[in-house]
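Asks: My questions all concern the structure below.
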Amino acid sequence: MERTSEIELENPSVKEVVSLVKEYVDTYEIEVSPFSIKFKFLDNDNPDLSRKFGELSRGLSERGYVPQLVKDYEHYIMVSKVPKRKFASIKVNIILLILTILSTLYAGYLFSEDFVAPGPDVFLRTLLYSALFFSAPLLTILGVHELGHYFVARHYGVRASLPFFIPFIPLAYSIGTFGAFISLRDPFPNRKVMTNIGAAGPIAGFLTALPLLFVADYLQKTMIHVSTFSPYFLNYPFIYDLLHLLPVEPPVFPMVLSVWVGIFATAMNLIPVGQLDGGHVLRGILGRKSIIISYVFLLILFYLGLNYFGWILIAILVMFLGLEHPPALDDSTPVGAKEIVIGLIVLAMFILSFTPVPFYI
């Protein structure tokens, strides 16, 4: 017998939500509070609940509500009003992109000086080197990575922003950027979508970087350098050995460095902790059990930080953003075989891209 008060149901907005939920879910009790509506149900009364919950989520989202499916000692759907949020204008994306182009151009200019012979037009030639062989490939890899997230999110009806590029003051021998990100404006509807959105960016960026690895390797071998000084030395991940790309002796050609950064960014994003891309994939596949692996990898990051301090900074950032990944709206329905395969692909990419000490000075 379904129970709720008649007074509560007189509220038009409550009536609308209750009517919509009851189209998809057979409930036995409804509890209304000032902030949410709780619909209790039995599994046996609701076959094919996963599919129906997905349709219900889209219907509620259009009306400004978000549902959470919980299967614990009690099974229920909690529907809450989404607070109004103001999102950044696309002008912010454009301004940040322009600033990042300028900062990476300057950084690439410094890396290109070793390959540009002196002359009256040395500034323009060095700037052209920077644009073609550093800024363009680097921002292409980072941009395709984020667009991978964006288009897969849109495919599943999850609202997302366009990429936000992060410029960085190009101090001596920095790369001029802290990367890029997109902002998901809706929660993940289920673990399948969480896995696919999380994996889409690294896969897209990795596939973009692969052919550029060969182009950069060819240019490194053919371009004549005018200086042999280099303040840094790169360590190369296993993908270079697998593709028979020999380690590069300094000075490093700008495109070699930019593609190496793209590969390193893939590995960094795929670390299975918190809300990094690897954390999304891990949470999607393993559900609540993923927190155990996240803690293990957090300890590994601090250990690796003994030899490369950057890992400690990443570990602190992960802790600041939250080590425990928020659940999907439907966190109980397991992923399918396709997502398991995607998880294995992502794991292989992580192994191929990772290096414990990326570079040293």
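Just remember, in the structure tokens the first chain shown is A, the second B, etc., residues are 1-based per chain, and ligands are 1-based in the order shown.
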Quick one: residues within 7 Å of range 167-181 of chain A, only C-alpha atoms counted, chain neighbours fewer than 6 positions away excluded, as a PyMOL selection string?

Replies: chain A and resi 96+99-100+103-104+106-107+142+146

Asks: Can I get the residues of range 189-239 of chain A within 12 Å of range 52-64 of chain A, each with the closest pair of atoms and their distance in Å to one decimal, using only C-alpha atoms, sorted chain first then ascending number, as JSON lines?

Replies:
{"residue": "A:Pro189", "atom": "CA", "partner": "A:Gly54", "partner_atom": "CA", "distance": 7.0}
{"residue": "A:Asn190", "atom": "CA", "partner": "A:Gly54", "partner_atom": "CA", "distance": 8.2}
{"residue": "A:Arg191", "atom": "CA", "partner": "A:Gly54", "partner_atom": "CA", "distance": 11.7}
{"residue": "A:Lys192", "atom": "CA", "partner": "A:Gly54", "partner_atom": "CA", "distance": 11.5}
{"residue": "A:Val193", "atom": "CA", "partner": "A:Gly54", "partner_atom": "CA", "distance": 10.9}

Asks: Would you write out those residues with C-alpha atoms, as a PDB file, in the first residue's frame?

Replies:
ATOM      1  CA  PRO A 189      23.577   8.779 -15.118  1.00  0.00           C
ATOM      2  CA  ASN A 190      25.117   5.307 -14.615  1.00  0.00           C
ATOM      3  CA  ARG A 191      28.433   3.469 -14.363  1.00  0.00           C
ATOM      4  CA  LYS A 192      28.458   2.588 -18.065  1.00  0.00           C
ATOM      5  CA  VAL A 193      28.331   6.247 -19.070  1.00  0.00           C
TER       6      VAL A 193
END

Asks: Which residues, written as a short mmCIF file (atom, residue, chain, number, x, y, z; two decimals) with C-alpha atoms, in the first residue's frame, have at least one atom at most 12 Å from Met349 in chain A, with only C-alpha atoms counted and residues fewer than 2 positions away on the same chain left out?

Replies:
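Generated output (selection_0.cif):
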data_model
loop_
_atom_site.label_atom_id
_atom_site.label_comp_id
_atom_site.auth_asym_id
_atom_site.auth_seq_id
_atom_site.Cartn_x
_atom_site.Cartn_y
_atom_site.Cartn_z
CA ALA A 199 37.93 6.69 -21.19
CA PRO A 202 42.60 9.54 -23.06
CA ILE A 203 41.82 7.21 -25.97
CA ALA A 204 41.22 10.14 -28.36
CA GLY A 205 44.36 11.95 -27.21
CA PHE A 206 46.50 8.81 -27.33
CA LEU A 207 45.38 7.95 -30.88
CA ALA A 209 49.62 11.37 -30.44
CA LEU A 210 50.58 8.02 -32.02
CA PRO A 237 57.81 5.49 -21.55
CA PHE A 238 57.49 1.94 -22.86
CA ILE A 239 55.51 3.00 -25.96
CA ILE A 263 51.84 11.06 -23.90
CA PHE A 264 52.80 12.02 -20.35
CA ALA A 265 49.48 13.86 -19.93
CA THR A 266 47.68 10.66 -20.98
CA ALA A 267 49.50 8.67 -18.29
CA MET A 268 48.87 11.32 -15.65
CA ASN A 269 45.15 11.46 -16.44
CA LEU A 270 44.85 7.68 -16.34
CA ILE A 271 46.13 7.32 -12.78
CA GLY A 278 41.44 6.87 -14.63
CA ILE A 342 37.50 -0.40 -22.58
CA GLY A 343 38.92 -0.70 -19.08
CA LEU A 344 41.58 -3.15 -20.29
CA ILE A 345 42.46 -0.83 -23.20
CA VAL A 346 42.82 2.08 -20.79
CA LEU A 347 45.03 -0.04 -18.51
CA ILE A 351 51.27 1.05 -18.85
CA LEU A 352 52.56 2.18 -22.26
CA SER A 353 52.49 5.88 -21.34
CA PHE A 354 53.75 5.92 -17.77
#

Asks: When distances are computed from only C-alpha atoms, which of A:Val357, A:Leu329, A:Val25, A:Ala88 shows the smallest separation from Tyr236 in chain A?

Replies: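 Checking each candidate against Tyr236 in chain A, we get A:Val357 as the closest.
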
Asks: From the options A:Leu286, A:Leu323, A:Val92, A:Leu212, which residue's atoms come nearest to Pro137 in chain A, counting only C-alpha atoms?

Replies: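 Among the listed residues, A:Leu212 lies closest to Pro137 in chain A.
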
Asks: Take CA of Ala153 in chain A and CA of Ile197 in chain A and report the distance between them in Å, one decimal.

Replies: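 A separation of 5.9 Å between them.
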
Asks: Quick one: pick out all strand (DSSP E or B) residues within range 2-238 of chain A from a backbone DSSP run and write them as a PyMOL selection string.

Replies: chain A and resi 27-32+36-41+65-71+75-81+160+164-167+177-181+184+190+233-234

Asks: Would you mind exporting the chosen residues as a compact mmCIF listing (two decimals), in the first residue's frame, restricted to C-alpha atoms?

Replies:
# COMPACT_ATOMS: atom_id res chain seq x y z
CA THR A 27 6.47 2.33 -5.70
CA TYR A 28 4.97 1.29 -2.37
CA GLU A 29 5.70 4.41 -0.31
CA ILE A 30 6.48 8.07 -0.96
CA GLU A 31 8.11 10.40 1.57
CA VAL A 32 8.13 14.15 0.87
CA SER A 36 13.56 15.91 -1.79
CA ILE A 37 11.01 13.22 -2.56
CA LYS A 38 11.79 9.61 -1.68
CA PHE A 39 10.14 6.80 -3.66
CA LYS A 40 10.52 3.35 -2.10
CA PHE A 41 10.17 0.31 -4.37
CA TYR A 65 15.24 17.63 -11.02
CA VAL A 66 17.85 14.91 -10.50
CA PRO A 67 17.09 11.35 -9.27
CA GLN A 68 19.42 9.05 -7.32
CA LEU A 69 18.82 5.28 -7.41
CA VAL A 70 19.86 3.61 -4.14
CA LYS A 71 19.88 -0.13 -3.49
CA HIS A 75 15.57 0.35 -2.21
CA TYR A 76 14.48 3.83 -3.20
CA ILE A 77 14.79 6.70 -5.68
CA MET A 78 15.57 10.10 -4.21
CA VAL A 79 14.48 13.05 -6.36
CA SER A 80 15.92 16.47 -5.60
CA LYS A 81 15.60 19.90 -7.16
CA ALA A 160 29.35 19.48 -20.89
CA PHE A 164 38.97 25.21 -20.96
CA PHE A 165 42.69 25.51 -21.74
CA ILE A 166 44.93 26.55 -18.85
CA PRO A 167 47.73 28.97 -19.76
CA THR A 177 50.28 25.31 -20.14
CA PHE A 178 48.80 23.25 -17.33
CA GLY A 179 46.64 21.32 -19.80
CA ALA A 180 42.90 21.57 -20.38
CA PHE A 181 39.62 20.31 -18.96
CA LEU A 184 30.40 18.23 -16.85
CA ASN A 190 25.12 5.31 -14.61
CA PHE A 233 66.75 15.19 -20.11
CA LEU A 234 63.61 13.20 -20.90

Asks: Which distance in Å separates CA of Ala136 in chain A and CA of Tyr240 in chain A, to one decimal?

Replies: 21.4 Å

Asks: Determine which residues of range 52-289 of chain A DSSP labels as helix (DSSP H, G or I) from the backbone of this structure, then write them out as JSON, numbers by chain.

Replies: {"A": [52, 53, 54, 55, 56, 57, 58, 59, 60, 61, 62, 90, 91, 92, 93, 94, 95, 96, 97, 98, 99, 100, 101, 102, 103, 104, 105, 106, 107, 108, 109, 110, 111, 112, 113, 114, 115, 122, 123, 124, 125, 126, 127, 128, 129, 130, 131, 132, 133, 134, 135, 136, 137, 138, 139, 140, 141, 142, 143, 144, 145, 146, 147, 148, 149, 150, 151, 152, 153, 154, 155, 191, 192, 193, 194, 195, 196, 197, 198, 199, 200, 201, 202, 203, 204, 205, 206, 207, 208, 209, 210, 211, 212, 213, 214, 215, 216, 217, 218, 219, 220, 221, 222, 238, 239, 240, 241, 242, 254, 255, 256, 257, 258, 259, 260, 261, 262, 263, 264, 265, 266, 267, 268, 269, 277, 278, 279, 280, 281, 282, 283, 284, 285, 286, 287, 288, 289]}

Asks: When you count only C-alpha atoms, which of these residues is closest to Gly157 in chain A: A:Ile316, A:Phe115, A:Met255, A:Pro187?

Replies: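 When distances to Gly157 in chain A are compared using only C-alpha atoms, the smallest one comes from A:Pro187.
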
Asks: List the spatial neighbours of Leu245 in chain A as a list of chain:residue names - criterion: any atom at most 8 Å away, only C-alpha atoms, same-chain residues fewer than 4 positions off excluded.

Replies: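 Skipping anything fewer than 4 positions along the chain leaves A:Phe214, A:Asp217, A:Tyr240, A:Asp241.
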
Asks: Please produce a file of the residues just selected, as a tab-separated table (two decimals), in the first residue's frame, where the atoms kept are N, CA and C atoms.

Replies:
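Output file again07.tsv follows:
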chain	number	residue	atom	x	y	z
A	214	PHE	N	55.81	9.43	-34.78
A	214	PHE	CA	56.68	9.09	-35.91
A	214	PHE	C	57.13	10.35	-36.65
A	217	ASP	N	59.78	11.93	-34.53
A	217	ASP	CA	61.02	11.15	-34.58
A	217	ASP	C	61.78	11.42	-35.89
A	240	TYR	N	57.65	4.04	-26.56
A	240	TYR	CA	58.76	4.38	-27.45
A	240	TYR	C	59.56	3.12	-27.81
A	241	ASP	N	59.79	2.25	-26.82
A	241	ASP	CA	60.48	0.99	-27.09
A	241	ASP	C	59.63	0.09	-27.98

Asks: Name the closest residue to Pro254 in chain A among the candidates A:Leu102, A:Val296, A:Val116, A:Ala200; distances are taken between atoms, counting only C-alpha atoms.

Replies: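 Under the stated criterion, the closest residue is A:Val116.
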
Asks: Can you list, as a list of chain:residue names, every protein, DNA or RNA residue that comes within 12 Å of Phe297 in chain A when you count only C-alpha atoms, leaving out same-chain residues fewer than 5 positions away?

Replies: A:Leu270, A:Ile271, A:Pro272, A:Val273, A:Gly274, A:Gly278, A:Gly279, A:Leu282, A:Ser290, A:Ile291, A:Ile292, A:Phe302, A:Tyr303, A:Leu304, A:Trp311, A:Ile312, A:Ile314, A:Ala315, A:Val318, A:Met319, A:Leu323

Asks: Choose the residue, out of A:Leu219, A:Met194, A:Leu162, A:Ile300, that has the smallest atom-to-atom separation from Thr333 in chain A; count only C-alpha atoms.

Replies: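 Selected residue with least distance to Thr333 in chain A: A:Met194.
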
Asks: Which residue gives the smallest distance to Gly310 in chain A among A:Asn46, A:Ser112, A:Leu124, A:Phe359, with only C-alpha atoms counted?

Replies: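 Among the listed residues, the smallest separation from Gly310 in chain A belongs to A:Phe359.
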